[in-house]
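Visitor: My structure is in structure_35.csv, and what it holds is CSV, C-alpha atoms and all ligand atoms:
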```csv
chain,number,residue,atom,x,y,z
A,1,MET,CA,-3.2,-22.4,-17.5
A,2,GLY,CA,-1.6,-19.0,-18.2
A,3,ARG,CA,2.1,-18.6,-18.7
A,4,HIS,CA,2.5,-17.8,-15.0
A,5,ALA,CA,1.1,-21.1,-13.9
A,6,ALA,CA,1.3,-20.3,-10.2
A,7,PRO,CA,-0.6,-22.4,-7.6
A,8,VAL,CA,-2.5,-19.2,-6.9
A,9,SER,CA,-6.3,-18.9,-6.8
A,10,THR,CA,-7.6,-16.4,-9.3
A,11,SER,CA,-11.1,-16.3,-7.8
A,12,PRO,CA,-12.2,-12.7,-7.6
A,13,GLU,CA,-12.4,-10.8,-4.3
A,14,PRO,CA,-15.9,-11.1,-2.8
A,15,ALA,CA,-16.2,-7.4,-2.7
A,16,ASP,CA,-19.2,-5.8,-4.4
A,17,ASP,CA,-18.3,-2.4,-2.8
A,18,PRO,CA,-14.6,-1.9,-3.4
A,19,ILE,CA,-12.9,1.2,-1.9
A,20,ALA,CA,-10.7,1.5,-4.9
A,21,SER,CA,-10.6,0.0,-8.4
A,22,ALA,CA,-8.5,0.1,-11.5
A,23,ARG,CA,-9.7,-0.8,-15.0
A,24,ALA,CA,-7.4,-1.5,-17.9
A,25,LEU,CA,-4.8,0.5,-16.2
A,26,THR,CA,-1.6,1.0,-18.2
A,27,LYS,CA,1.5,3.0,-17.4
A,28,VAL,CA,4.3,3.5,-19.9
A,29,TYR,CA,7.4,5.4,-18.9
A,30,GLY,CA,9.3,7.0,-21.8
A,31,ALA,CA,8.6,6.4,-25.5
A,32,GLY,CA,9.8,4.5,-28.5
A,33,ALA,CA,12.5,1.9,-28.2
A,34,THR,CA,13.2,2.8,-24.6
A,35,ALA,CA,9.6,2.8,-23.4
A,36,VAL,CA,9.0,0.8,-20.2
A,37,HIS,CA,5.6,-0.8,-19.8
A,38,ALA,CA,5.3,-0.7,-16.1
A,39,LEU,CA,1.6,-1.6,-16.1
A,40,ARG,CA,0.0,-3.6,-18.9
A,41,GLY,CA,-3.7,-3.4,-18.4
A,42,VAL,CA,-4.4,-4.1,-14.7
A,43,ASP,CA,-8.0,-4.7,-13.5
A,44,VAL,CA,-8.3,-4.8,-9.7
A,45,ASP,CA,-10.8,-4.1,-7.0
A,46,LEU,CA,-9.4,-3.3,-3.5
A,47,GLY,CA,-11.7,-4.4,-0.7
A,48,ARG,CA,-13.3,-1.9,1.7
A,49,GLY,CA,-12.3,-2.6,5.3
A,50,ARG,CA,-9.6,-5.0,4.2
A,51,LEU,CA,-5.8,-5.3,4.3
A,52,THR,CA,-4.5,-6.0,0.8
A,53,ALA,CA,-0.9,-6.8,0.1
A,54,ILE,CA,0.8,-6.4,-3.3
A,55,MET,CA,3.7,-8.6,-4.0
A,56,GLY,CA,5.9,-9.4,-7.0
A,57,PRO,CA,9.5,-9.3,-8.2
A,58,SER,CA,11.5,-6.0,-8.3
A,59,GLY,CA,10.3,-4.0,-11.3
A,60,SER,CA,7.0,-5.8,-11.6
A,61,GLY,CA,5.1,-2.5,-11.2
A,62,LYS,CA,4.0,-2.6,-7.5
A,63,SER,CA,4.9,0.9,-6.7
A,64,THR,CA,3.6,2.2,-10.0
A,65,LEU,CA,0.2,0.5,-9.4
A,66,MET,CA,0.1,2.0,-5.9
A,67,HIS,CA,1.1,5.5,-7.1
A,68,CYS,CA,-1.5,5.5,-9.8
A,69,MET,CA,-4.2,4.3,-7.4
A,70,ALA,CA,-3.2,6.9,-4.8
A,71,GLY,CA,-3.2,9.9,-7.3
A,72,LEU,CA,0.6,10.3,-7.0
A,73,ASP,CA,1.1,9.4,-10.6
A,74,THR,CA,-1.2,9.6,-13.7
A,75,PRO,CA,-1.9,6.5,-15.7
A,76,THR,CA,-1.1,6.4,-19.4
A,77,SER,CA,-4.6,4.8,-20.0
A,78,GLY,CA,-7.4,3.2,-18.1
A,79,THR,CA,-9.3,4.4,-15.1
A,80,VAL,CA,-8.8,4.5,-11.4
A,81,GLU,CA,-11.7,5.0,-9.0
A,82,VAL,CA,-11.3,5.8,-5.3
A,83,ASP,CA,-14.2,5.8,-2.9
A,84,GLY,CA,-16.7,6.5,-5.7
A,85,GLU,CA,-14.7,9.1,-7.6
A,86,ILE,CA,-12.9,8.7,-10.9
A,87,ILE,CA,-9.5,10.1,-10.0
A,88,SER,CA,-7.6,9.1,-13.2
A,89,SER,CA,-9.0,12.2,-15.0
A,90,MET,CA,-8.6,14.7,-12.1
A,91,SER,CA,-6.5,17.8,-12.4
A,92,GLN,CA,-3.3,18.2,-10.3
A,93,ARG,CA,-5.2,20.5,-8.0
A,94,GLN,CA,-8.0,18.0,-7.5
A,95,LEU,CA,-5.5,15.2,-6.9
A,96,THR,CA,-3.6,17.3,-4.3
A,97,ASN,CA,-6.9,17.9,-2.5
A,98,LEU,CA,-7.8,14.2,-2.7
A,99,ARG,CA,-4.5,13.1,-1.3
A,100,ARG,CA,-4.7,15.6,1.5
A,101,THR,CA,-8.2,14.6,2.6
A,102,ARG,CA,-9.0,11.1,1.6
A,103,ILE,CA,-5.7,9.2,1.3
A,104,GLY,CA,-3.2,8.2,4.0
A,105,PHE,CA,0.5,7.3,3.2
A,106,VAL,CA,3.0,5.2,5.0
A,107,PHE,CA,6.6,5.1,3.6
A,108,GLN,CA,9.4,2.7,4.2
A,109,ALA,CA,11.6,5.4,5.8
A,110,TYR,CA,8.9,6.6,8.3
A,111,ASN,CA,9.5,10.3,7.3
A,112,LEU,CA,8.9,11.7,10.8
A,113,VAL,CA,10.0,15.3,11.7
A,114,PRO,CA,12.8,14.8,14.2
A,115,THR,CA,12.2,18.0,16.2
A,116,LEU,CA,8.5,17.1,16.9
A,117,THR,CA,7.1,14.7,19.4
A,118,ALA,CA,5.2,11.6,18.4
A,119,ALA,CA,1.9,13.4,19.1
A,120,GLU,CA,3.0,16.4,17.1
A,121,ASN,CA,4.1,14.3,14.2
A,122,ILE,CA,0.7,12.5,14.2
A,123,THR,CA,-1.3,15.7,14.0
A,124,LEU,CA,1.1,17.5,11.7
A,125,PRO,CA,-0.9,17.0,8.5
A,126,LEU,CA,-4.1,18.2,10.2
A,127,ASP,CA,-2.3,21.1,11.7
A,128,ILE,CA,-0.8,22.1,8.3
A,129,ALA,CA,-4.3,21.8,6.7
A,130,ARG,CA,-5.7,23.9,9.7
A,131,THR,CA,-8.1,21.1,10.4
A,132,GLN,CA,-9.4,20.5,13.9
A,133,VAL,CA,-8.0,17.3,15.5
A,134,ASP,CA,-10.8,14.9,16.4
A,135,ARG,CA,-9.7,13.9,19.9
A,136,ASP,CA,-11.8,10.8,20.0
A,137,ARG,CA,-10.3,9.6,16.8
A,138,PHE,CA,-6.8,10.5,17.9
A,139,ASP,CA,-7.3,8.5,21.1
A,140,THR,CA,-8.8,5.5,19.3
A,141,VAL,CA,-5.9,5.5,16.8
A,142,ILE,CA,-3.3,5.8,19.5
A,143,ASN,CA,-4.8,2.9,21.5
A,144,THR,CA,-5.2,0.8,18.4
A,145,LEU,CA,-1.5,1.3,17.6
A,146,GLY,CA,-0.3,0.9,21.2
A,147,LEU,CA,1.3,4.4,21.3
A,148,GLY,CA,-0.3,5.8,24.5
A,149,ASP,CA,3.0,5.9,26.5
A,150,ARG,CA,5.1,7.2,23.6
A,151,LEU,CA,3.4,10.4,22.7
A,152,THR,CA,5.9,12.8,24.2
A,153,HIS,CA,8.9,11.1,22.8
A,154,ARG,CA,10.8,12.4,19.8
A,155,PRO,CA,11.6,10.0,16.9
A,156,THR,CA,15.2,9.4,18.0
A,157,GLU,CA,13.8,8.2,21.4
A,158,LEU,CA,11.7,5.6,19.6
A,159,SER,CA,12.5,2.2,18.1
A,160,GLY,CA,12.1,1.7,14.3
A,161,GLY,CA,8.9,-0.2,14.9
A,162,GLN,CA,7.5,2.5,17.2
A,163,GLN,CA,8.5,5.2,14.6
A,164,GLN,CA,6.6,3.3,11.9
A,165,ARG,CA,3.6,3.0,14.2
A,166,VAL,CA,3.7,6.7,14.7
A,167,ALA,CA,3.8,7.1,10.9
A,168,CYS,CA,0.7,4.7,10.7
A,169,ALA,CA,-1.1,6.8,13.3
A,170,ARG,CA,-0.3,10.0,11.2
A,171,ALA,CA,-1.8,8.3,8.2
A,172,LEU,CA,-4.9,7.1,10.0
A,173,VAL,CA,-5.8,10.1,12.2
A,174,ALA,CA,-7.6,12.0,9.5
A,175,LYS,CA,-9.9,9.0,8.8
A,176,PRO,CA,-8.8,8.6,5.2
A,177,SER,CA,-10.8,6.5,2.7
A,178,ILE,CA,-7.7,4.3,2.1
A,179,VAL,CA,-4.2,4.1,3.4
A,180,PHE,CA,-1.3,3.2,1.0
A,181,ALA,CA,1.9,1.8,2.5
A,182,ASP,CA,4.9,1.1,0.3
A,183,GLU,CA,7.2,-1.4,2.0
A,184,PRO,CA,6.1,-0.3,5.5
A,185,THR,CA,8.3,-3.0,7.2
A,186,GLY,CA,11.2,-2.7,4.8
A,187,ASN,CA,13.5,-1.1,7.4
A,188,LEU,CA,12.4,-3.3,10.3
A,189,ASP,CA,13.5,-6.6,11.8
A,190,SER,CA,11.0,-9.4,11.8
A,191,LYS,CA,9.8,-8.8,15.4
A,192,ALA,CA,9.2,-5.1,14.8
A,193,ALA,CA,7.6,-5.9,11.4
A,194,GLY,CA,5.2,-8.3,13.1
A,195,GLU,CA,4.2,-5.7,15.6
A,196,VAL,CA,3.6,-3.0,13.0
A,197,LEU,CA,1.6,-5.3,10.8
A,198,GLY,CA,-0.4,-6.6,13.8
A,199,PHE,CA,-1.3,-3.0,14.7
A,200,LEU,CA,-2.1,-2.2,11.0
A,201,ARG,CA,-4.3,-5.2,10.8
A,202,ARG,CA,-6.1,-4.1,14.0
A,203,SER,CA,-6.8,-0.7,12.4
A,204,VAL,CA,-8.6,-2.6,9.6
A,205,ASP,CA,-10.4,-5.1,11.9
A,206,ASP,CA,-11.3,-2.7,14.7
A,207,LEU,CA,-11.6,0.7,12.9
A,208,GLY,CA,-12.8,-0.5,9.5
A,209,GLN,CA,-9.9,1.1,7.8
A,210,SER,CA,-9.0,0.1,4.2
A,211,VAL,CA,-5.2,-0.5,3.8
A,212,VAL,CA,-3.1,-1.5,0.8
A,213,MET,CA,0.6,-2.3,1.2
A,214,VAL,CA,3.4,-3.3,-1.0
A,215,THR,CA,5.8,-5.8,0.6
A,216,HIS,CA,8.6,-8.2,-0.4
A,217,ASP,CA,8.2,-10.0,2.9
A,218,PRO,CA,6.0,-13.1,3.0
A,219,ARG,CA,5.6,-12.9,6.7
A,220,SER,CA,4.4,-9.3,6.5
A,221,ALA,CA,2.0,-10.3,3.6
A,222,SER,CA,0.5,-13.1,5.7
A,223,TYR,CA,-1.1,-10.4,7.9
A,224,ALA,CA,-3.2,-9.4,4.9
A,225,HIS,CA,-6.8,-10.6,4.1
A,226,ARG,CA,-5.7,-10.9,0.5
A,227,VAL,CA,-2.4,-10.9,-1.4
A,228,ILE,CA,-2.3,-10.0,-5.1
A,229,PHE,CA,0.7,-10.8,-7.2
A,230,LEU,CA,2.2,-8.7,-10.1
A,231,ALA,CA,4.7,-9.9,-12.7
A,232,ASP,CA,5.9,-7.8,-15.6
A,233,GLY,CA,3.2,-5.2,-15.1
A,234,SER,CA,0.3,-7.7,-15.0
A,235,LEU,CA,-1.8,-9.2,-12.2
A,236,VAL,CA,-1.0,-12.9,-12.2
A,237,GLY,CA,-2.8,-14.2,-9.2
A,238,GLU,CA,-4.0,-13.8,-5.7
A,239,LEU,CA,-4.4,-15.6,-2.3
A,240,HIS,CA,-7.0,-15.1,0.4
A,241,ASP,CA,-6.1,-15.3,4.1
A,242,PRO,CA,-2.8,-16.9,3.2
A,243,ALA,CA,-0.3,-18.5,5.5
A,244,GLU,CA,3.4,-17.5,5.1
A,245,ALA,CA,4.1,-20.9,3.5
A,246,ASP,CA,1.3,-20.4,0.9
A,247,ILE,CA,2.9,-17.1,-0.1
A,248,LEU,CA,6.4,-18.6,-0.3
A,249,GLU,CA,5.1,-21.3,-2.6
A,250,ALA,CA,3.3,-18.8,-4.8
A,251,LEU,CA,6.4,-16.6,-5.1
A,252,ALA,CA,8.6,-19.6,-5.9
A,253,ALA,CA,6.1,-20.6,-8.7
A,254,LEU,CA,6.2,-17.1,-10.1
A,255,GLY,CA,10.0,-17.1,-10.1
A,256,GLU,CA,10.0,-20.4,-12.0
A,257,ALA,CA,7.5,-19.1,-14.5
A,258,ARG,CA,9.7,-16.1,-15.1
A,259,GLU,CA,12.7,-18.3,-15.6
A,260,GLN,CA,10.8,-20.3,-18.2
A,261,ASP,CA,9.9,-17.1,-19.9
A,262,ALA,CA,13.5,-15.9,-20.1
A,263,PRO,CA,15.0,-16.1,-23.6
A,301,LIG,N1,9.8,7.4,-13.3
A,301,LIG,C1,10.2,6.3,-14.0
A,301,LIG,N2,10.7,6.5,-15.2
A,301,LIG,C2,11.1,5.4,-16.0
A,301,LIG,N3,10.8,4.2,-15.6
A,301,LIG,C3,10.3,3.9,-14.4
A,301,LIG,C4,9.9,5.0,-13.5
A,301,LIG,N4,9.3,4.5,-12.4
A,301,LIG,C5,9.4,3.1,-12.6
A,301,LIG,N5,9.9,2.8,-13.8
A,301,LIG,C6,10.1,1.5,-14.3
A,301,LIG,O1,8.8,0.8,-14.3
A,301,LIG,C7,8.9,-0.5,-13.9
A,301,LIG,C8,8.1,-0.8,-12.7
A,301,LIG,O2,8.7,-0.1,-11.6
A,301,LIG,P1,8.1,-0.1,-10.1
A,301,LIG,O3,8.8,0.9,-9.3
A,301,LIG,O4,6.6,0.0,-10.1
A,301,LIG,O5,8.5,-1.6,-9.6
A,301,LIG,P2,8.3,-2.3,-8.2
A,301,LIG,O6,7.5,-3.5,-8.4
A,301,LIG,O7,7.8,-1.3,-7.2
A,301,LIG,O8,9.8,-2.7,-7.9
A,301,LIG,P3,10.6,-2.7,-6.5
A,301,LIG,O9,10.2,-4.0,-5.8
A,301,LIG,O10,12.1,-2.7,-6.9
A,301,LIG,O11,10.3,-1.5,-5.7
A,301,LIG,C9,10.4,-0.8,-13.7
A,301,LIG,O12,10.9,-1.3,-14.9
A,301,LIG,C10,11.0,0.6,-13.5
A,301,LIG,O13,12.3,0.7,-13.9
A,302,MG,MG,8.6,-0.4,-5.5
```
The structure in this file should be written as structure tokens.
Guide:
Amino acid sequence: MGRHAAPVSTSPEPADDPIASARALTKVYGAGATAVHALRGVDVDLGRGRLTAIMGPSGSGKSTLMHCMAGLDTPTSGTVEVDGEIISSMSQRQLTNLRRTRIGFVFQAYNLVPTLTAAENITLPLDIARTQVDRDRFDTVINTLGLGDRLTHRPTELSGGQQQRVACARALVAKPSIVFADEPTGNLDSKAAGEVLGFLRRSVDDLGQSVVMVTHDPRSASYAHRVIFLADGSLVGELHDPAEADILEALAALGEAREQDAP
């Protein structure tokens, strides 16, 4: 057994056609004595049409992994491929274009424009890019996220969960190859979190969307098809279709492994 002897299956994802992959991915912040090794050679395939959750202790590299795979940050070494394209060697201009057209983002803090209605917020990225809104797609996304009766409301007139569903719709409406969500339920109570995750899972099951989310919350992670665990910049295990209890057990084992590692 490895040093992180968690009760976690390490069998690979049965995905011969991943939507995104990383190979030998490393990220070092800073240099010399103060260098931080945020990612230490991560190999991972993220399944197409799947909801994948990334978990692990604070500082384990979850956001760094997501940012490198979403073209928001450049790796120190290794390769990242998204929907058949190697993005780790793209120029900033190419990355900007990739993020605009192929990648959807959902943030913990919703990031809606307060003066715009829900509908206007959802189409804002397309409007900025001067891209025609596909009305069928818009309607499908709205129905999938249960937002039909909220479209004329402004963010202050919506609950946190509804605001985050609007943010999800904004990420989904342009039919991105993949959606990255960093702690999408971090600001929500457990009921609202469950609703957002239920709708996000529907976008995967009903629309074939590929979604990757970072979360600290075992209940949120239990909505995922697959949960991968990071510790100290390395992938240390994964679970498939886990129940909340399985995730809690795996996290506890990771915590114990870390304590044994401590000097
Ligand atoms: N821009 C940066 N400059 C220097 N160090 C950084 C930078 N971004 C992240 N780090 C460091 O890299 C490591 C991984 O950070 P990261 O944000 O990926 O962790 P995380 O798993 O997302 O943590 P959290 O759960 O707290 O969000 C940490 O030690 C962090 O301090
Ligand atoms: Mg983070």
Visitor: Identify, on the basis of all atoms listed in the file, every residue whose closest approach to A:Glu85 does not exceed 12 Å; exclude the query and any residue fewer than 4 positions from it along the same chain; express the result as a VMD selection string.
Guide: chain A and resid 18 to 22 69 71 79 to 81 89 to 90 94 to 95 98 102 177
Visitor: Quick check, in Å to one decimal: how far apart do atom CA of A:Arg258 and atom CA of A:Val236 lie?
Guide: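 For atom CA of A:Arg258 relative to atom CA of A:Val236, the distance reads 11.5 Å.
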Visitor: In Å, how far is it from atom CA of A:Phe199 to atom CA of A:Thr144?
Guide: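 Here the two named atoms are 6.6 Å from each other.
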Visitor: Quick check, in Å to one decimal: how far apart do atom CA of A:Asp149 and atom CA of A:Val179 lie?
Guide: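 Computed distance, atom CA of A:Asp149 to atom CA of A:Val179, equals 24.3 Å.
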Visitor: Can you list, as a PDB file with C-alpha atoms, in the coordinates of the input, every protein, DNA or RNA residue that comes within 9 Å of A:Leu72 when you count only C-alpha atoms, leaving out same-chain residues fewer than 5 positions away?
Guide:
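What landed in out.pdb:
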```pdb
ATOM      1  CA  MET A  66       0.100   2.000  -5.900  1.00  0.00           C
ATOM      2  CA  HIS A  67       1.100   5.500  -7.100  1.00  0.00           C
ATOM      3  CA  LEU A  95      -5.500  15.200  -6.900  1.00  0.00           C
ATOM      4  CA  THR A  96      -3.600  17.300  -4.300  1.00  0.00           C
ATOM      5  CA  ARG A  99      -4.500  13.100  -1.300  1.00  0.00           C
TER       6      ARG A  99
END
```
Visitor: Using only C-alpha atoms and all ligand atoms, find each residue with an atom at most 9 Å away from ligand MG 302 (chain A) and format the answer as a PyMOL selection string.
Guide: chain A and resi 58-64+66+182-183+214-215
Visitor: Mind checking which residues fall within 12 Å of A:Glu157, counting all atoms listed in the file, ignoring those fewer than 5 positions away in the same chain, and posting them as a count of residues only?
Guide: 10
Visitor: Nearest to ligand LIG 301 (chain A): which of A:Val113, A:Leu126, A:Ala174, A:Cys68 is it, counting only C-alpha atoms and all ligand atoms?
Guide: A:Cys68
Visitor: Of the residues A:Ser222, A:Ser210, A:Thr74, A:Ser91, which is the one nearest to ligand LIG 301 (chain A), using only C-alpha atoms and all ligand atoms?
Guide: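 Among the listed residues, the smallest separation from ligand LIG 301 (chain A) belongs to A:Thr74.
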Visitor: Using all atoms listed in the file, which residue out of A:Asn143, A:Asn111, A:Thr52, A:Ser88 lies closest to A:Leu197?
Guide: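 Using all atoms listed in the file, the shortest distance to A:Leu197 belongs to A:Thr52.
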Visitor: Using all atoms listed in the file, which of A:Ala24, A:Ala129, A:Ala181, A:Val82 sits nearest ligand LIG 301 (chain A)?
Guide: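 The shortest atom-to-atom distance to ligand LIG 301 (chain A) comes from A:Ala181.
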Visitor: So that I can see what lies close to A:Ala192, please list as a ChimeraX atom specification the residues with an atom at most 10 Å from it, counting all atoms listed in the file and leaving out residues fewer than 5 positions away in the same chain.
Guide: /A:159-162,164-165,185,187,197-198
